[in-house]
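**Student:** Here it is: the structure, laid out below.
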Amino acid sequence: MAEVTKWDAVAYESVASDVQLAWGRKLLERRTWKGDESVLDAGCGPGALTEDILAKVPRGRVQAVDRDPSMAERARTRLARFGARVKVIEADLLHLEGVEPVDVIVSNAVLHWIEDHDAVLETFVHHLKPGGQVLIQCGGEGNLERARAVAEEILAAAEFAKHFRGWKPPWHYEDDASTQERLFIAGFMDPKVSLEPAPTRFADRTAFEKFVRAVVLLPYLQALPDENSRERFVGRFVARVEASGEGFVLDYVRLNVSAFRSPHG
Ligand SMILES: C[S@@+](CC[C@H](N)C(=O)[O-])C[C@H]1O[C@@H](n2cnc3c(N)ncnc32)[C@H](O)[C@@H]1O
């Protein structure tokens, strides 16, 4: 099994607003909100999108769940001003004991970090009220193929290879057809699933380097023993992308999902 990725919430928050938060805002637009829904933000990270969810449900409540201690702590601080309308829970999405059933589950940029999609969809359907909706956006088939190929070339070099013996990438990028089938099996109705290329261009080397260090390269960097080797790894990655002549672009592909639990339970 892959190692659990440890996040630095502040570093993530400082780079995610133009990328993950923008995807999340688009995801929220896929529902006509009534304003009084109860919502589960599944994998809330530092709580930036949770704030947008709270704005969509001025008479509703949000349970924001993340398993990462740094993310959960940052979300708690960030969301404190919403008082009893929000509850931050540090927990694994596959073990949601104590989480109340909700009208809507929102999960943005999370599911590709979870190996067992059958299990997570089963958990989601179980935590939705009858008639409730799940809205998911995550990495899909082909996500970051080019970026990962560059990273894997670097990790195969003699200097790094010894640290990656037995290392497994933590990501699981699903395709649309399998996800549709999986949703039906889990008991969802009316699934809408699509794959969407989302190439993301960064203004310059500095912005690109900061972003890949905080997000895309995180699992690789955690396999390395010290800051020196991490610096070298990031430096080589950025240099190779620059040398490609295609600019500082990440070849993101996103999987978008909307589905409902049957109103009859
Ligand atoms: C890229 S961040 C996305 C955060 C936030 N949803 C956003 O839109 O910015 C992925 C988050 O998913 C969380 N995560 C991954 N697997 C999880 C699991 N099994 N249970 C709970 N949280 C998980 C990570 O801890 C991390 O905070």
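Quick note on naming: the chains in the structure tokens go A, B, ... in the order shown, residues restart at 1 in each chain, and ligands are numbered from 1 in order of appearance.
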Which residues of chain A have any atom within 6 Å of an atom in ligand 1 when counting only C-alpha atoms and all ligand atoms, and what is the closest pair of atoms for each, with the distance in Å to one decimal? Order the rows by chain and rising number and write it as CSV.

**Tutor:**
residue,atom,partner,partner_atom_place_in_ligand_line,distance
A:Gln20,CA,ligand 1,8 (O),5.1
A:Leu21,CA,ligand 1,8 (O),5.3
A:Gly24,CA,ligand 1,8 (O),5.7
A:Gly43,CA,ligand 1,22 (N),4.1
A:Cys44,CA,ligand 1,6 (N),4.2
A:Gly45,CA,ligand 1,27 (O),3.6
A:Leu49,CA,ligand 1,8 (O),5.7
A:Asp66,CA,ligand 1,22 (N),3.8
A:Arg67,CA,ligand 1,21 (C),4.0
A:Asp68,CA,ligand 1,25 (O),4.3
A:Met71,CA,ligand 1,27 (O),5.5
A:Ala91,CA,ligand 1,21 (C),5.8
A:Asp92,CA,ligand 1,20 (N),3.5
A:Leu93,CA,ligand 1,20 (N),3.9
A:Asn108,CA,ligand 1,6 (N),4.4
A:Ala109,CA,ligand 1,3 (C),4.7
A:Val110,CA,ligand 1,12 (O),4.3
A:Trp113,CA,ligand 1,16 (N),5.0
A:Ile114,CA,ligand 1,16 (N),5.4

**Student:** Could you tell me, as a PyMOL selection string, which residues of stretch 51-265 of chain A DSSP assigns to helix (DSSP H, G or I) when given the backbone?

**Tutor:** chain A and resi 51-56+69-85+111-113+117-126+145-155+158-164+176-186+205-214+218-222+227-243

**Student:** Using DSSP on the backbone coordinates, identify the residues of stretch 49-265 of chain A assigned to strand (DSSP E); present them as number ranges by chain.

**Tutor:** A: 61-66, 86-90, 102-108, 128-139, 188-197, 200-201, 249-250, 253-261

**Student:** Report the closest atom pair, with its distance in Å rounded to one decimal, for each residue of stretch 89-191 of chain A that has an atom no farther than 12 Å from stretch 200-207 of chain A; count only C-alpha atoms, sort by chain and then rising residue number, and write it as CSV.

**Tutor:**
residue,atom,partner,partner_atom,distance
A:Asn143,CA,A:Thr200,CA,11.6
A:Leu144,CA,A:Thr200,CA,10.3
A:Ala147,CA,A:Thr200,CA,11.7

**Student:** Write out as a list in words which residues come within 8 Å of stretch 172-189 of chain A when counting only C-alpha atoms, dropping same-chain ones fewer than 5 positions away.

**Tutor:**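 Near neighbours after the sequence-gap exclusion: Leu111, His112, Trp113, Ile114, Glu115, His117, Asp118, Leu121, Glu122, Val125, Gly139, Gly140, Glu141, Gly142, Asn143, Ser194, Leu195, Leu255, Ala259, Phe260, Arg261 and Ser262 of chain A.
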
**Student:** Next, the residues of the selection above should be written as a short mmCIF file (atom, residue, chain, number, x, y, z; two decimals), in the first residue's frame with C-alpha atoms.

**Tutor:**
data_model
loop_
_atom_site.label_atom_id
_atom_site.label_comp_id
_atom_site.auth_asym_id
_atom_site.auth_seq_id
_atom_site.Cartn_x
_atom_site.Cartn_y
_atom_site.Cartn_z
CA LEU A 111 -10.90 10.88 -4.48
CA HIS A 112 -7.77 10.18 -6.53
CA TRP A 113 -5.91 10.05 -3.20
CA ILE A 114 -8.06 7.04 -2.20
CA GLU A 115 -7.34 3.59 -3.62
CA HIS A 117 -13.37 3.89 -4.89
CA ASP A 118 -16.01 1.18 -4.31
CA LEU A 121 -18.77 5.56 -2.83
CA GLU A 122 -20.48 3.06 -0.55
CA VAL A 125 -24.28 6.70 -0.30
CA GLY A 139 -8.09 13.52 -10.92
CA GLY A 140 -9.21 11.17 -13.70
CA GLU A 141 -7.67 8.80 -16.23
CA GLY A 142 -4.55 10.38 -17.78
CA ASN A 143 -4.20 13.01 -15.04
CA SER A 194 -17.30 13.13 -17.47
CA LEU A 195 -13.56 13.42 -18.00
CA LEU A 255 -13.20 13.46 -13.43
CA ALA A 259 -25.30 11.42 -8.73
CA PHE A 260 -28.24 11.00 -6.36
CA ARG A 261 -29.30 8.60 -3.68
CA SER A 262 -32.76 7.21 -4.39
#

**Student:** One decimal, Å: what's the distance from atom CA of A:Pro46 over to atom CA of A:Asn256, could you say?

**Tutor:** 21.4 Å

**Student:** Which of these, A:Leu250, A:Val99, A:Leu128, A:Ile136, has the shortest distance to A:Gly265 once you count only C-alpha atoms?

**Tutor:**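 Selected residue with least distance to A:Gly265: A:Leu128.
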
**Student:** From the list A:Ala239, A:Phe233, A:Pro130, A:Ile105, which residue is nearest A:Glu152 when using only C-alpha atoms?

**Tutor:** A:Phe233

**Student:** Record the distance separating atom CA of A:Thr32 and atom CA of A:Lys56, expressed in Å with one decimal.

**Tutor:**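 Distance reported for this atom pair: 9.5 Å.
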
**Student:** Would you mind listing what lies within 10 Å of A:Leu54 as a compact mmCIF listing (two decimals) with C-alpha atoms, in the first residue's frame, with only C-alpha atoms counted and same-chain residues fewer than 5 positions away left out?

**Tutor:**
# COMPACT_ATOMS: atom_id res chain seq x y z
CA GLY A 35 -29.85 27.40 0.95
CA ASP A 36 -30.82 25.15 3.85
CA GLU A 37 -29.00 21.94 2.93
CA SER A 38 -26.77 19.99 5.25
CA VAL A 39 -23.46 19.30 3.50
CA LEU A 49 -13.93 25.69 -0.48
CA ARG A 59 -29.48 28.38 6.58
CA GLY A 60 -27.63 25.07 6.46
CA ARG A 61 -24.78 23.29 8.19
CA VAL A 62 -21.51 21.79 6.97
CA LEU A 79 -13.83 28.27 9.78
CA PHE A 82 -18.96 30.30 11.30
CA ARG A 85 -22.84 26.11 11.32
CA VAL A 86 -19.68 24.13 10.68

**Student:** Just the residues within 9 Å of A:Leu96, please, counting only C-alpha atoms, with nothing from its chain fewer than 5 positions along; format it as an MDAnalysis selection string.

**Tutor:** chainID A and resid 65 91 123 127

**Student:** Hey, can you spit out that residue selection with C-alpha atoms as a PDB file, in the first residue's frame?

**Tutor:**
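Result file out-v1.pdb:
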ATOM      1  CA  VAL A  65     -13.856  16.061   7.132  1.00  0.00           C
ATOM      2  CA  ALA A  91     -11.226  11.415  10.139  1.00  0.00           C
ATOM      3  CA  THR A 123     -19.614   5.279   2.431  1.00  0.00           C
ATOM      4  CA  HIS A 127     -24.066   9.147   4.572  1.00  0.00           C
TER       5      HIS A 127
END

**Student:** Identify which of the residues A:Ala198, A:Val134, A:Ala158, A:Val10 lies closest to A:Tyr252, counting only C-alpha atoms when measuring atom-to-atom distances.

**Tutor:** A:Ala198

**Student:** Give me the residues within 12 Å of A:Gly166 as a ChimeraX atom specification, counting only C-alpha atoms and dropping any in the same chain fewer than 2 places off.

**Tutor:** /A:1-3,161-164,168-169,223

**Student:** Under the rule that only C-alpha atoms are counted, which of A:Arg165, A:Lys210, A:Arg31, A:Arg232 is the nearest residue to A:Asp103?

**Tutor:** A:Arg31

**Student:** Quick check, in Å to one decimal: how far apart do atom CA of A:Ala48 and atom CA of A:Trp33 lie?

**Tutor:**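 Interatomic distance here is 18.6 Å.
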
**Student:** Name the residues in contact with A:Arg30 at a cut-off of 10 Å, using only C-alpha atoms, excluding same-chain residues fewer than 5 positions from it; report them as a list in words.

**Tutor:**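 Neighbouring residues, sequence-local ones excluded: Arg25, Leu135, Asn256, Val257 and Ser258 of chain A.
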